[in-house]
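Colleague: Below is the file final.tsv, which contains TSV, C-alpha atoms.
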```tsv
chain	number	residue	atom	x	y	z
M	1	MET	CA	83.50	12.17	57.96
M	2	LYS	CA	86.11	13.60	55.65
M	3	VAL	CA	85.58	17.13	54.39
M	4	SER	CA	86.46	17.87	50.80
M	5	LYS	CA	88.69	20.84	50.08
M	6	MET	CA	85.78	22.55	48.35
M	7	ASP	CA	83.74	22.41	51.54
M	8	GLU	CA	86.61	23.77	53.60
M	9	ILE	CA	87.28	27.45	54.24
M	10	THR	CA	89.98	29.36	56.07
M	11	ILE	CA	88.86	31.65	58.87
M	12	ASN	CA	90.64	33.93	61.30
M	13	ILE	CA	89.67	33.89	64.95
M	14	THR	CA	91.18	35.57	67.98
M	15	LEU	CA	91.61	33.92	71.37
M	16	LEU	CA	93.05	36.02	74.19
M	17	ASP	CA	94.22	38.66	71.73
M	18	ARG	CA	96.12	36.02	69.72
M	19	PRO	CA	95.08	35.50	66.10
M	20	PHE	CA	94.61	32.00	64.73
M	21	ARG	CA	94.06	31.00	61.13
M	22	LEU	CA	92.01	27.81	60.87
M	23	ALA	CA	90.79	25.58	58.07
M	24	VAL	CA	87.26	24.44	58.93
M	25	ALA	CA	84.35	22.83	57.17
M	26	ARG	CA	82.08	25.52	55.76
M	27	ALA	CA	79.20	24.02	57.78
M	28	ASP	CA	81.20	24.44	61.01
M	29	GLU	CA	82.24	28.07	60.56
M	30	GLU	CA	79.48	29.57	62.69
M	31	ARG	CA	80.04	27.02	65.48
M	32	VAL	CA	83.79	27.66	65.55
M	33	ARG	CA	83.30	31.42	65.67
M	34	LYS	CA	80.70	31.07	68.43
M	35	ALA	CA	83.02	28.76	70.40
M	36	ALA	CA	85.86	31.27	70.13
M	37	SER	CA	83.53	34.03	71.30
M	38	LEU	CA	82.39	31.94	74.28
M	39	ILE	CA	86.00	31.24	75.25
M	40	ASN	CA	86.88	34.94	75.08
M	41	GLU	CA	83.81	35.91	77.11
M	42	ARG	CA	84.52	33.31	79.80
M	43	VAL	CA	88.21	34.32	80.02
M	44	LYS	CA	87.17	37.96	80.48
M	45	PHE	CA	84.73	36.92	83.21
M	46	TYR	CA	87.43	35.00	85.10
M	47	ALA	CA	89.92	37.86	84.64
M	48	LYS	CA	87.42	40.29	86.16
M	49	HIS	CA	86.28	38.11	89.07
M	50	TYR	CA	89.29	36.02	90.11
M	51	ALA	CA	92.95	36.49	90.94
M	52	TYR	CA	95.30	35.00	88.35
M	53	LYS	CA	98.99	34.99	87.48
M	54	ASP	CA	98.80	34.74	83.72
M	55	ALA	CA	96.61	33.89	80.76
M	56	GLN	CA	97.22	30.16	81.29
M	57	ASP	CA	95.36	30.37	84.61
M	58	LEU	CA	92.39	31.92	82.82
M	59	LEU	CA	92.47	29.35	80.03
M	60	SER	CA	92.74	26.52	82.56
M	61	MET	CA	89.67	27.73	84.45
M	62	THR	CA	87.81	28.16	81.17
M	63	ALA	CA	88.80	24.67	79.97
M	64	LEU	CA	87.66	23.17	83.28
M	65	GLN	CA	84.29	24.90	83.06
M	66	PHE	CA	83.68	23.74	79.49
M	67	ALA	CA	84.87	20.20	80.23
M	68	THR	CA	82.55	20.06	83.24
M	69	SER	CA	79.67	21.16	81.02
M	70	VAL	CA	80.48	18.43	78.49
M	71	VAL	CA	80.61	15.76	81.21
M	72	LYS	CA	77.26	16.95	82.57
M	73	MET	CA	75.62	16.95	79.14
M	74	GLU	CA	76.98	13.47	78.36
M	75	SER	CA	75.59	12.19	81.64
M	76	GLU	CA	72.18	13.75	80.98
M	77	SER	CA	72.17	12.40	77.44
M	78	ASN	CA	73.01	8.88	78.63
M	79	TYR	CA	70.21	9.05	81.21
M	80	LYS	CA	67.72	10.20	78.57
M	81	ASP	CA	68.86	7.48	76.16
M	82	GLN	CA	68.44	4.80	78.82
M	83	HIS	CA	65.02	6.16	79.80
M	84	LEU	CA	63.91	6.24	76.16
M	85	GLU	CA	65.18	2.70	75.59
M	86	ARG	CA	63.22	1.46	78.63
M	87	LYS	CA	60.04	3.11	77.39
M	88	LEU	CA	60.49	1.70	73.88
M	89	ASN	CA	61.01	-1.78	75.33
M	90	GLU	CA	57.81	-1.38	77.37
M	91	LEU	CA	55.90	-0.31	74.24
M	92	ASN	CA	57.32	-3.20	72.25
M	93	ALA	CA	56.29	-5.62	74.99
M	94	LEU	CA	52.76	-4.19	74.98
M	95	LEU	CA	52.50	-4.37	71.19
M	96	SER	CA	53.78	-7.92	71.00
M	97	ASP	CA	51.57	-9.20	73.85
M	98	PRO	CA	48.65	-11.11	72.28
M	99	GLN	CA	46.57	-10.42	75.42
M	100	ALA	CA	46.66	-6.68	74.87
```
Mind turning the file's structure into structure tokens?
Modeller:
Amino acid sequence: MKVSKMDEITINITLLDRPFRLAVARADEERVRKAASLINERVKFYAKHYAYKDAQDLLSMTALQFATSVVKMESESNYKDQHLERKLNELNALLSDPQA
């Protein structure tokens, strides 16, 4: 979905003490800010608990954790979708059965 310029705003976020200026849909502002905050929190956690050479190590570990979470959620969502589809098919079969 294309966002019109009127629905787009420019925000400033900071990741690992580096400022970024982003153009985002007004409706996405809160999500983008929350995502940036989560990244910063996770990087700080890894910096405190693990040995690392540089910020790229911390970002790599953070990216892996978030990617793993996405893969898990996609898998769970697919399972739920399949389960729901099976149940709907069962209900449809019951409703269309003249013996019922």
Colleague: Near M:Asn40, within 9 Å and counting all atoms listed in the file, which residues show up once chain neighbours fewer than 5 positions away are dropped, as an MDAnalysis selection string?
Modeller: chainID M and resid 14:17 35 45
Colleague: Could those selected residues go to a file with C-alpha atoms, as a CSV table (one decimal), keeping the file's coordinate frame?
Modeller:
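Written file, selection30.csv:
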```csv
chain,number,residue,atom,x,y,z
M,14,THR,CA,91.2,35.6,68.0
M,15,LEU,CA,91.6,33.9,71.4
M,16,LEU,CA,93.0,36.0,74.2
M,17,ASP,CA,94.2,38.7,71.7
M,35,ALA,CA,83.0,28.8,70.4
M,45,PHE,CA,84.7,36.9,83.2
```
Colleague: When you count all atoms listed in the file, which of these residues is closest to M:Asn12: M:Val32, M:Phe66, M:Asp57, M:Tyr50?
Modeller: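 Checking each of M:Val32, M:Phe66, M:Asp57, M:Tyr50 against M:Asn12, counting all atoms listed in the file, the winner is M:Val32.
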Colleague: Using all atoms listed in the file, which of the listed residues (M:Ile9, M:Lys34, M:Lys72, M:Leu84) sits closest to M:Leu22?
Modeller: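 Nearest to M:Leu22: M:Ile9.
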Colleague: Would you be able to write out as a PDB file with C-alpha atoms, keeping the file's coordinate frame which residues have an atom within 10 Å of (81.4, 28.8, 56.7) in the file's coordinates, counting only C-alpha atoms?
Modeller:
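Once written, selection-v5.pdb looks like this:
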```pdb
ATOM      1  CA  ASP M   7      83.740  22.410  51.540  1.00  0.00           C
ATOM      2  CA  GLU M   8      86.610  23.770  53.600  1.00  0.00           C
ATOM      3  CA  ILE M   9      87.280  27.450  54.240  1.00  0.00           C
ATOM      4  CA  THR M  10      89.980  29.360  56.070  1.00  0.00           C
ATOM      5  CA  ILE M  11      88.860  31.650  58.870  1.00  0.00           C
ATOM      6  CA  VAL M  24      87.260  24.440  58.930  1.00  0.00           C
ATOM      7  CA  ALA M  25      84.350  22.830  57.170  1.00  0.00           C
ATOM      8  CA  ARG M  26      82.080  25.520  55.760  1.00  0.00           C
ATOM      9  CA  ALA M  27      79.200  24.020  57.780  1.00  0.00           C
ATOM     10  CA  ASP M  28      81.200  24.440  61.010  1.00  0.00           C
ATOM     11  CA  GLU M  29      82.240  28.070  60.560  1.00  0.00           C
ATOM     12  CA  GLU M  30      79.480  29.570  62.690  1.00  0.00           C
ATOM     13  CA  ARG M  31      80.040  27.020  65.480  1.00  0.00           C
ATOM     14  CA  VAL M  32      83.790  27.660  65.550  1.00  0.00           C
ATOM     15  CA  ARG M  33      83.300  31.420  65.670  1.00  0.00           C
TER      16      ARG M  33
END
```
Colleague: Can you tell me, as a PyMOL selection string, what residues are no more than 10 Å from M:Thr62 when counting all atoms listed in the file, ignoring any on the same chain fewer than 4 positions away?
Modeller: chain M and resi 38-46+56-58+66-68
Colleague: Calculate how many Å separate atom CA of M:Asn78 from atom CA of M:Met61, rounding to one decimal.
Modeller: 25.8 Å
Colleague: Quick one: distance from atom CA of M:Leu59 to atom CA of M:Ala47 in Å, one decimal?
Modeller: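 Computed distance, atom CA of M:Leu59 to atom CA of M:Ala47, equals 10.0 Å.
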Colleague: Would you kindly place N, CA and C atoms on stretch 69-80 of chain M and return the model as an mmCIF file, in the frame of the given file?
Modeller:
```
data_model
loop_
_atom_site.group_PDB
_atom_site.id
_atom_site.type_symbol
_atom_site.label_atom_id
_atom_site.label_comp_id
_atom_site.auth_asym_id
_atom_site.auth_seq_id
_atom_site.Cartn_x
_atom_site.Cartn_y
_atom_site.Cartn_z
ATOM 1 N N SER M 69 80.940 21.077 81.746
ATOM 2 C CA SER M 69 79.670 21.160 81.020
ATOM 3 C C SER M 69 79.492 19.979 80.079
ATOM 4 N N VAL M 70 80.553 19.580 79.406
ATOM 5 C CA VAL M 70 80.480 18.430 78.490
ATOM 6 C C VAL M 70 80.164 17.156 79.260
ATOM 7 N N VAL M 71 80.844 16.952 80.393
ATOM 8 C CA VAL M 71 80.610 15.760 81.210
ATOM 9 C C VAL M 71 79.160 15.731 81.690
ATOM 10 N N LYS M 72 78.646 16.872 82.105
ATOM 11 C CA LYS M 72 77.260 16.950 82.570
ATOM 12 C C LYS M 72 76.280 16.622 81.442
ATOM 13 N N MET M 73 76.521 17.201 80.266
ATOM 14 C CA MET M 73 75.620 16.950 79.140
ATOM 15 C C MET M 73 75.683 15.491 78.693
ATOM 16 N N GLU M 74 76.868 14.891 78.712
ATOM 17 C CA GLU M 74 76.980 13.470 78.360
ATOM 18 C C GLU M 74 76.205 12.610 79.342
ATOM 19 N N SER M 75 76.303 12.940 80.617
ATOM 20 C CA SER M 75 75.590 12.190 81.640
ATOM 21 C C SER M 75 74.077 12.310 81.448
ATOM 22 N N GLU M 76 73.612 13.527 81.208
ATOM 23 C CA GLU M 76 72.180 13.750 80.980
ATOM 24 C C GLU M 76 71.707 13.038 79.725
ATOM 25 N N SER M 77 72.525 13.063 78.686
ATOM 26 C CA SER M 77 72.170 12.400 77.440
ATOM 27 C C SER M 77 72.075 10.887 77.632
ATOM 28 N N ASN M 78 73.040 10.320 78.360
ATOM 29 C CA ASN M 78 73.010 8.880 78.630
ATOM 30 C C ASN M 78 71.766 8.501 79.419
ATOM 31 N N TYR M 79 71.409 9.320 80.412
ATOM 32 C CA TYR M 79 70.210 9.050 81.210
ATOM 33 C C TYR M 79 68.974 9.073 80.311
ATOM 34 N N LYS M 80 68.878 10.090 79.462
ATOM 35 C CA LYS M 80 67.720 10.200 78.570
ATOM 36 C C LYS M 80 67.668 9.033 77.596
#
```
